[in-house]
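Here is the file query_3.cif (mmCIF, N, CA and C atoms).
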```cif
data_coords
#
loop_
_atom_site.label_atom_id
_atom_site.label_comp_id
_atom_site.auth_asym_id
_atom_site.auth_seq_id
_atom_site.Cartn_x
_atom_site.Cartn_y
_atom_site.Cartn_z
N MET A 1 29.73 -37.87 -6.43
CA MET A 1 29.38 -37.49 -7.78
C MET A 1 29.78 -36.03 -8.00
N LYS A 2 30.35 -35.77 -9.16
CA LYS A 2 30.79 -34.41 -9.50
C LYS A 2 29.59 -33.50 -9.74
N LYS A 3 29.67 -32.30 -9.19
CA LYS A 3 28.63 -31.29 -9.42
C LYS A 3 29.14 -30.31 -10.45
N PHE A 4 28.33 -29.96 -11.41
CA PHE A 4 28.66 -28.96 -12.41
C PHE A 4 28.14 -27.61 -11.94
N ILE A 5 28.85 -26.57 -12.28
CA ILE A 5 28.44 -25.21 -11.93
C ILE A 5 27.48 -24.71 -13.00
N ILE A 6 26.37 -24.16 -12.57
CA ILE A 6 25.38 -23.60 -13.49
C ILE A 6 25.62 -22.10 -13.61
N GLN A 7 25.78 -21.61 -14.83
CA GLN A 7 25.93 -20.18 -15.08
C GLN A 7 24.88 -19.77 -16.10
N LEU A 8 24.21 -18.68 -15.81
CA LEU A 8 23.23 -18.14 -16.76
C LEU A 8 23.82 -16.89 -17.41
N THR A 9 23.65 -16.77 -18.70
CA THR A 9 24.04 -15.53 -19.36
C THR A 9 23.03 -14.46 -18.97
N HIS A 10 23.39 -13.23 -19.23
CA HIS A 10 22.48 -12.12 -18.96
C HIS A 10 21.19 -12.31 -19.75
N SER A 11 21.30 -12.75 -20.99
CA SER A 11 20.12 -12.98 -21.84
C SER A 11 19.23 -14.07 -21.26
N ALA A 12 19.84 -15.15 -20.75
CA ALA A 12 19.05 -16.25 -20.17
C ALA A 12 18.31 -15.78 -18.92
N ALA A 13 18.96 -14.96 -18.10
CA ALA A 13 18.30 -14.43 -16.90
C ALA A 13 17.11 -13.56 -17.28
N GLU A 14 17.28 -12.74 -18.31
CA GLU A 14 16.18 -11.91 -18.78
C GLU A 14 15.05 -12.76 -19.35
N ASP A 15 15.42 -13.82 -20.07
CA ASP A 15 14.41 -14.73 -20.62
C ASP A 15 13.58 -15.35 -19.49
N LEU A 16 14.25 -15.80 -18.44
CA LEU A 16 13.54 -16.40 -17.30
C LEU A 16 12.60 -15.40 -16.64
N ASP A 17 13.01 -14.15 -16.55
CA ASP A 17 12.16 -13.12 -15.94
C ASP A 17 10.87 -12.91 -16.72
N ARG A 18 10.89 -13.16 -18.02
CA ARG A 18 9.71 -12.93 -18.87
C ARG A 18 8.74 -14.12 -18.90
N ILE A 19 9.17 -15.26 -18.37
CA ILE A 19 8.32 -16.45 -18.39
C ILE A 19 7.31 -16.36 -17.24
N PRO A 20 6.07 -16.76 -17.47
CA PRO A 20 5.09 -16.78 -16.38
C PRO A 20 5.60 -17.62 -15.21
N GLU A 21 5.28 -17.21 -14.00
CA GLU A 21 5.88 -17.82 -12.81
C GLU A 21 5.66 -19.33 -12.72
N ALA A 22 4.48 -19.82 -13.06
CA ALA A 22 4.22 -21.25 -12.98
C ALA A 22 5.16 -22.04 -13.90
N ARG A 23 5.39 -21.54 -15.09
CA ARG A 23 6.31 -22.20 -16.03
C ARG A 23 7.76 -22.02 -15.59
N ARG A 24 8.07 -20.83 -15.06
CA ARG A 24 9.44 -20.52 -14.64
C ARG A 24 9.92 -21.51 -13.57
N ILE A 25 9.04 -21.88 -12.65
CA ILE A 25 9.41 -22.83 -11.60
C ILE A 25 9.84 -24.16 -12.21
N ASN A 26 9.10 -24.63 -13.22
CA ASN A 26 9.45 -25.89 -13.90
C ASN A 26 10.78 -25.78 -14.63
N VAL A 27 10.99 -24.67 -15.33
CA VAL A 27 12.23 -24.47 -16.08
C VAL A 27 13.43 -24.41 -15.13
N ILE A 28 13.29 -23.70 -14.02
CA ILE A 28 14.38 -23.60 -13.05
C ILE A 28 14.70 -24.97 -12.44
N ALA A 29 13.68 -25.78 -12.19
CA ALA A 29 13.91 -27.12 -11.66
C ALA A 29 14.72 -27.96 -12.65
N ILE A 30 14.40 -27.84 -13.93
CA ILE A 30 15.15 -28.57 -14.96
C ILE A 30 16.59 -28.09 -15.01
N ILE A 31 16.79 -26.78 -14.94
CA ILE A 31 18.14 -26.22 -14.97
C ILE A 31 18.95 -26.71 -13.77
N LYS A 32 18.33 -26.77 -12.60
CA LYS A 32 19.04 -27.24 -11.40
C LYS A 32 19.49 -28.70 -11.54
N LYS A 33 18.68 -29.53 -12.22
CA LYS A 33 19.04 -30.93 -12.42
C LYS A 33 20.30 -31.07 -13.27
N LEU A 34 20.59 -30.08 -14.11
CA LEU A 34 21.79 -30.14 -14.95
C LEU A 34 23.08 -30.16 -14.13
N SER A 35 23.04 -29.65 -12.91
CA SER A 35 24.26 -29.61 -12.10
C SER A 35 24.74 -31.02 -11.74
N SER A 36 23.84 -31.99 -11.71
CA SER A 36 24.27 -33.35 -11.39
C SER A 36 24.60 -34.17 -12.64
N ASN A 37 23.94 -33.90 -13.75
CA ASN A 37 24.23 -34.65 -14.98
C ASN A 37 23.78 -33.88 -16.22
N PRO A 38 24.63 -33.01 -16.76
CA PRO A 38 24.25 -32.26 -17.95
C PRO A 38 24.25 -33.10 -19.22
N TYR A 39 24.80 -34.32 -19.15
CA TYR A 39 24.85 -35.20 -20.32
C TYR A 39 23.70 -36.20 -20.34
N ALA A 40 22.73 -36.04 -19.46
CA ALA A 40 21.61 -36.98 -19.39
C ALA A 40 20.95 -37.11 -20.76
N SER A 41 20.35 -38.25 -20.98
CA SER A 41 19.62 -38.44 -22.23
C SER A 41 18.16 -38.69 -21.90
N GLY A 42 17.34 -38.53 -22.87
CA GLY A 42 15.92 -38.75 -22.68
C GLY A 42 15.15 -38.10 -23.80
N PRO A 43 13.85 -38.23 -23.78
CA PRO A 43 13.05 -37.69 -24.88
C PRO A 43 13.02 -36.16 -24.92
N ASN A 44 13.35 -35.51 -23.81
CA ASN A 44 13.30 -34.04 -23.77
C ASN A 44 14.65 -33.39 -24.00
N ILE A 45 15.71 -34.19 -24.14
CA ILE A 45 17.07 -33.65 -24.30
C ILE A 45 17.58 -34.03 -25.68
N LYS A 46 18.15 -33.05 -26.36
CA LYS A 46 18.66 -33.30 -27.71
C LYS A 46 19.98 -32.56 -27.90
N LYS A 47 20.96 -33.25 -28.49
CA LYS A 47 22.22 -32.61 -28.86
C LYS A 47 22.00 -32.00 -30.25
N LEU A 48 22.22 -30.70 -30.36
CA LEU A 48 21.99 -30.02 -31.64
C LEU A 48 23.21 -30.19 -32.54
N LYS A 49 22.97 -30.33 -33.81
CA LYS A 49 24.04 -30.57 -34.78
C LYS A 49 24.52 -29.25 -35.38
N GLY A 50 25.77 -29.26 -35.85
CA GLY A 50 26.29 -28.12 -36.60
C GLY A 50 27.02 -27.08 -35.77
N PHE A 51 27.39 -27.40 -34.54
CA PHE A 51 28.10 -26.46 -33.69
C PHE A 51 29.44 -27.05 -33.30
N LYS A 52 30.51 -26.22 -33.29
CA LYS A 52 31.84 -26.70 -32.92
C LYS A 52 31.82 -27.27 -31.51
N MET A 53 31.40 -26.45 -30.56
CA MET A 53 31.26 -26.92 -29.19
C MET A 53 29.84 -27.45 -29.04
N PRO A 54 29.67 -28.69 -28.56
CA PRO A 54 28.33 -29.28 -28.50
C PRO A 54 27.32 -28.37 -27.80
N LEU A 55 26.16 -28.24 -28.41
CA LEU A 55 25.06 -27.44 -27.87
C LEU A 55 23.88 -28.38 -27.67
N TYR A 56 23.25 -28.28 -26.50
CA TYR A 56 22.13 -29.14 -26.15
C TYR A 56 20.86 -28.31 -25.98
N ARG A 57 19.72 -29.00 -26.11
CA ARG A 57 18.43 -28.38 -25.92
C ARG A 57 17.59 -29.28 -25.04
N ILE A 58 16.97 -28.70 -24.00
CA ILE A 58 16.01 -29.44 -23.16
C ILE A 58 14.64 -28.82 -23.38
N ARG A 59 13.67 -29.68 -23.56
CA ARG A 59 12.29 -29.23 -23.78
C ARG A 59 11.54 -29.21 -22.45
N SER A 60 10.86 -28.09 -22.19
CA SER A 60 10.01 -27.96 -21.01
C SER A 60 8.74 -27.22 -21.43
N CYS A 61 7.67 -27.95 -21.65
CA CYS A 61 6.41 -27.37 -22.14
C CYS A 61 6.69 -26.61 -23.44
N ASP A 62 6.36 -25.32 -23.49
CA ASP A 62 6.57 -24.53 -24.69
C ASP A 62 7.93 -23.85 -24.71
N TYR A 63 8.79 -24.14 -23.74
CA TYR A 63 10.08 -23.47 -23.65
C TYR A 63 11.21 -24.45 -23.89
N ARG A 64 12.33 -23.91 -24.37
CA ARG A 64 13.52 -24.70 -24.61
C ARG A 64 14.68 -24.07 -23.88
N VAL A 65 15.47 -24.88 -23.20
CA VAL A 65 16.67 -24.41 -22.50
C VAL A 65 17.84 -24.83 -23.38
N LEU A 66 18.60 -23.85 -23.86
CA LEU A 66 19.78 -24.11 -24.68
C LEU A 66 21.00 -24.03 -23.78
N TYR A 67 21.87 -25.05 -23.85
CA TYR A 67 23.08 -25.02 -23.01
C TYR A 67 24.21 -25.79 -23.67
N ARG A 68 25.39 -25.49 -23.22
CA ARG A 68 26.58 -26.26 -23.61
C ARG A 68 27.29 -26.64 -22.33
N VAL A 69 28.07 -27.70 -22.40
CA VAL A 69 28.72 -28.21 -21.19
C VAL A 69 30.19 -27.86 -21.23
N GLN A 70 30.58 -26.96 -20.43
CA GLN A 70 31.94 -26.67 -19.96
C GLN A 70 31.68 -26.71 -18.48
N THR A 71 31.12 -25.64 -18.07
CA THR A 71 30.23 -25.63 -16.93
C THR A 71 28.90 -25.64 -17.65
N VAL A 72 27.84 -25.89 -17.02
CA VAL A 72 26.55 -25.83 -17.70
C VAL A 72 26.25 -24.36 -17.89
N HIS A 73 26.27 -23.92 -19.11
CA HIS A 73 26.17 -22.50 -19.46
C HIS A 73 24.82 -22.28 -20.13
N ILE A 74 23.84 -21.78 -19.36
CA ILE A 74 22.50 -21.56 -19.91
C ILE A 74 22.57 -20.33 -20.79
N MET A 75 22.29 -20.51 -22.05
CA MET A 75 22.44 -19.43 -23.01
C MET A 75 21.14 -18.67 -23.23
N ARG A 76 20.05 -19.37 -23.38
CA ARG A 76 18.75 -18.73 -23.59
C ARG A 76 17.67 -19.68 -23.07
N VAL A 77 16.51 -19.13 -22.79
CA VAL A 77 15.30 -19.90 -22.47
C VAL A 77 14.22 -19.26 -23.33
N VAL A 78 13.79 -19.99 -24.34
CA VAL A 78 12.92 -19.38 -25.34
C VAL A 78 11.67 -20.21 -25.60
N ASP A 79 10.66 -19.56 -26.09
CA ASP A 79 9.45 -20.24 -26.52
C ASP A 79 9.81 -21.09 -27.74
N ARG A 80 9.21 -22.24 -27.85
CA ARG A 80 9.57 -23.16 -28.93
C ARG A 80 9.35 -22.55 -30.31
N ARG A 81 8.39 -21.64 -30.42
CA ARG A 81 8.10 -21.00 -31.72
C ARG A 81 9.25 -20.09 -32.16
N ASP A 82 10.07 -19.62 -31.20
CA ASP A 82 11.17 -18.72 -31.52
C ASP A 82 12.51 -19.45 -31.63
N LEU A 83 12.53 -20.76 -31.41
CA LEU A 83 13.77 -21.51 -31.31
C LEU A 83 14.66 -21.37 -32.54
N ASP A 84 14.14 -21.58 -33.73
CA ASP A 84 14.97 -21.52 -34.94
C ASP A 84 15.59 -20.14 -35.12
N ARG A 85 14.81 -19.11 -34.90
CA ARG A 85 15.31 -17.74 -35.06
C ARG A 85 16.41 -17.44 -34.04
N ILE A 86 16.25 -17.87 -32.81
CA ILE A 86 17.23 -17.62 -31.76
C ILE A 86 18.52 -18.39 -32.03
N ILE A 87 18.41 -19.65 -32.45
CA ILE A 87 19.62 -20.45 -32.72
C ILE A 87 20.45 -19.81 -33.81
N LYS A 88 19.81 -19.27 -34.82
CA LYS A 88 20.54 -18.63 -35.93
C LYS A 88 21.30 -17.38 -35.45
N ARG A 89 20.79 -16.72 -34.42
CA ARG A 89 21.41 -15.49 -33.93
C ARG A 89 22.44 -15.71 -32.84
N LEU A 90 22.58 -16.94 -32.34
CA LEU A 90 23.55 -17.20 -31.27
C LEU A 90 24.97 -16.94 -31.76
N LYS A 91 25.75 -16.32 -30.92
CA LYS A 91 27.15 -16.06 -31.24
C LYS A 91 27.99 -17.02 -30.43
N LEU A 92 28.45 -18.11 -31.07
CA LEU A 92 29.22 -19.12 -30.36
C LEU A 92 30.67 -19.08 -30.74
#
```
What is this structure when it is put down as structure tokens?
Amino acid sequence: MKKFIIQLTHSAAEDLDRIPEARRINVIAIIKKLSSNPYASGPNIKKLKGFKMPLYRIRSCDYRVLYRVQTVHIMRVVDRRDLDRIIKRLKL
């Protein structure tokens, strides 16, 4: 099975540092699973509309992992309350 390379942007790494450790462990586990299948489907994964290059969102408790698949490129990890504001500011 093909393994995808996981890359975090500087912003995503900073976002992870700000998450409480108990939640961070769960988010990192979800990110690691993307290396085997970033196109997985399920109730927590959603393909976002309106972007040239497909952008996906995974839900983990109150946090959302935004990524696109070239390599799995983690762009941000944000609280769900900030999701709309962050998506509008993304430079894709």
>> Could you tell me how far CA of Asp15 (chain A) sits from atom C of Ile58 (chain A), in Å to one decimal place?
In response: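 Result for atom C of Ile58 (chain A) versus CA of Asp15 (chain A): 14.4 Å, one decimal.
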> What does the distance between CA of Ile31 (chain A) and CA of Ile6 (chain A) come to in Å, to one decimal place?
Replying inline: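 According to the coordinates, CA of Ile31 (chain A) and CA of Ile6 (chain A) are separated by 7.8 Å.
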>> Can you pull out the residues contacting Pro38 (chain A)? Cut-off 10 Å, using only C-alpha atoms, and skip same-chain residues under 2 positions away; I want them as number ranges by chain.
In response: A: 3-4, 6, 31-36, 40-41, 45, 56, 67-72
Convert the current residue selection to file output with N, CA and C atoms, as an mmCIF file, keeping the file's coordinate frame.
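result_14.cif, written as the output of this step:
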```
data_model
loop_
_atom_site.group_PDB
_atom_site.id
_atom_site.type_symbol
_atom_site.label_atom_id
_atom_site.label_comp_id
_atom_site.auth_asym_id
_atom_site.auth_seq_id
_atom_site.Cartn_x
_atom_site.Cartn_y
_atom_site.Cartn_z
ATOM 1 N N LYS A 3 29.670 -32.300 -9.190
ATOM 2 C CA LYS A 3 28.630 -31.290 -9.420
ATOM 3 C C LYS A 3 29.140 -30.310 -10.450
ATOM 4 N N PHE A 4 28.330 -29.960 -11.410
ATOM 5 C CA PHE A 4 28.660 -28.960 -12.410
ATOM 6 C C PHE A 4 28.140 -27.610 -11.940
ATOM 7 N N ILE A 6 26.370 -24.160 -12.570
ATOM 8 C CA ILE A 6 25.380 -23.600 -13.490
ATOM 9 C C ILE A 6 25.620 -22.100 -13.610
ATOM 10 N N ILE A 31 16.790 -26.780 -14.940
ATOM 11 C CA ILE A 31 18.140 -26.220 -14.970
ATOM 12 C C ILE A 31 18.950 -26.710 -13.770
ATOM 13 N N LYS A 32 18.330 -26.770 -12.600
ATOM 14 C CA LYS A 32 19.040 -27.240 -11.400
ATOM 15 C C LYS A 32 19.490 -28.700 -11.540
ATOM 16 N N LYS A 33 18.680 -29.530 -12.220
ATOM 17 C CA LYS A 33 19.040 -30.930 -12.420
ATOM 18 C C LYS A 33 20.300 -31.070 -13.270
ATOM 19 N N LEU A 34 20.590 -30.080 -14.110
ATOM 20 C CA LEU A 34 21.790 -30.140 -14.950
ATOM 21 C C LEU A 34 23.080 -30.160 -14.130
ATOM 22 N N SER A 35 23.040 -29.650 -12.910
ATOM 23 C CA SER A 35 24.260 -29.610 -12.100
ATOM 24 C C SER A 35 24.740 -31.020 -11.740
ATOM 25 N N SER A 36 23.840 -31.990 -11.710
ATOM 26 C CA SER A 36 24.270 -33.350 -11.390
ATOM 27 C C SER A 36 24.600 -34.170 -12.640
ATOM 28 N N ALA A 40 22.730 -36.040 -19.460
ATOM 29 C CA ALA A 40 21.610 -36.980 -19.390
ATOM 30 C C ALA A 40 20.950 -37.110 -20.760
ATOM 31 N N SER A 41 20.350 -38.250 -20.980
ATOM 32 C CA SER A 41 19.620 -38.440 -22.230
ATOM 33 C C SER A 41 18.160 -38.690 -21.900
ATOM 34 N N ILE A 45 15.710 -34.190 -24.140
ATOM 35 C CA ILE A 45 17.070 -33.650 -24.300
ATOM 36 C C ILE A 45 17.580 -34.030 -25.680
ATOM 37 N N TYR A 56 23.250 -28.280 -26.500
ATOM 38 C CA TYR A 56 22.130 -29.140 -26.150
ATOM 39 C C TYR A 56 20.860 -28.310 -25.980
ATOM 40 N N TYR A 67 21.870 -25.050 -23.850
ATOM 41 C CA TYR A 67 23.080 -25.020 -23.010
ATOM 42 C C TYR A 67 24.210 -25.790 -23.670
ATOM 43 N N ARG A 68 25.390 -25.490 -23.220
ATOM 44 C CA ARG A 68 26.580 -26.260 -23.610
ATOM 45 C C ARG A 68 27.290 -26.640 -22.330
ATOM 46 N N VAL A 69 28.070 -27.700 -22.400
ATOM 47 C CA VAL A 69 28.720 -28.210 -21.190
ATOM 48 C C VAL A 69 30.190 -27.860 -21.230
ATOM 49 N N GLN A 70 30.580 -26.960 -20.430
ATOM 50 C CA GLN A 70 31.940 -26.670 -19.960
ATOM 51 C C GLN A 70 31.680 -26.710 -18.480
ATOM 52 N N THR A 71 31.120 -25.640 -18.070
ATOM 53 C CA THR A 71 30.230 -25.630 -16.930
ATOM 54 C C THR A 71 28.900 -25.640 -17.650
ATOM 55 N N VAL A 72 27.840 -25.890 -17.020
ATOM 56 C CA VAL A 72 26.550 -25.830 -17.700
ATOM 57 C C VAL A 72 26.250 -24.360 -17.890
#
```
> What is the CA of Arg64 (chain A)-CA of Asn37 (chain A) distance in Å, reported with one decimal?
Replying inline: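 Those two atoms sit 17.5 Å apart.
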>> Using only C-alpha atoms, can you tell me which of A:Asp62, A:Ile30, A:Leu90, A:Ile19 comes closest to Met75 (chain A)?
In response: A:Leu90
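Take the candidates A:Asn44, A:His73, A:Phe51, A:Ser60 and check each one against Arg23 (chain A) using only N, CA and C atoms; the shortest distance goes to A:Ser60.
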>> Going by the chain IDs and residue numbers used in this file, which residues fall under the PyMOL selection byres (((chain A and resi 11 and name CA) around 12) and name CA)? Write them as a PyMOL selection string.
In response: chain A and resi 7-10+12-18+65-66+73-78+86+90
>> Could you go through chain A and tell me which residues DSSP, when run on the backbone, assigns to alpha helix (DSSP H), listing them as a ChimeraX atom specification?
In response: /A:10-18,21-33,83-89
May I have the centre and edge lengths, in Å to one decimal, of an axis-aligned box around the listed atoms of region 5-21 of chain A with 6 Å added to every side, as lines of an AutoDock Vina configuration file?
```
center_x = 17.0
center_y = -19.2
center_z = -16.9
size_x = 35.8
size_y = 26.7
size_z = 21.9
```
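The set of residues in chain A assigned to strand (DSSP E or B) by DSSP, using only backbone atoms of this structure, is Ile6, Gln7, Leu8, Ile45, Lys46, Lys47, Leu48, Leu55, Tyr56, Arg57, Ile58, Arg59, Ser60, Tyr63, Arg64, Val65, Leu66, Tyr67, Arg68, Val69, Val72, His73, Ile74, Met75, Arg76, Val77, Val78 and Asp79 of chain A.
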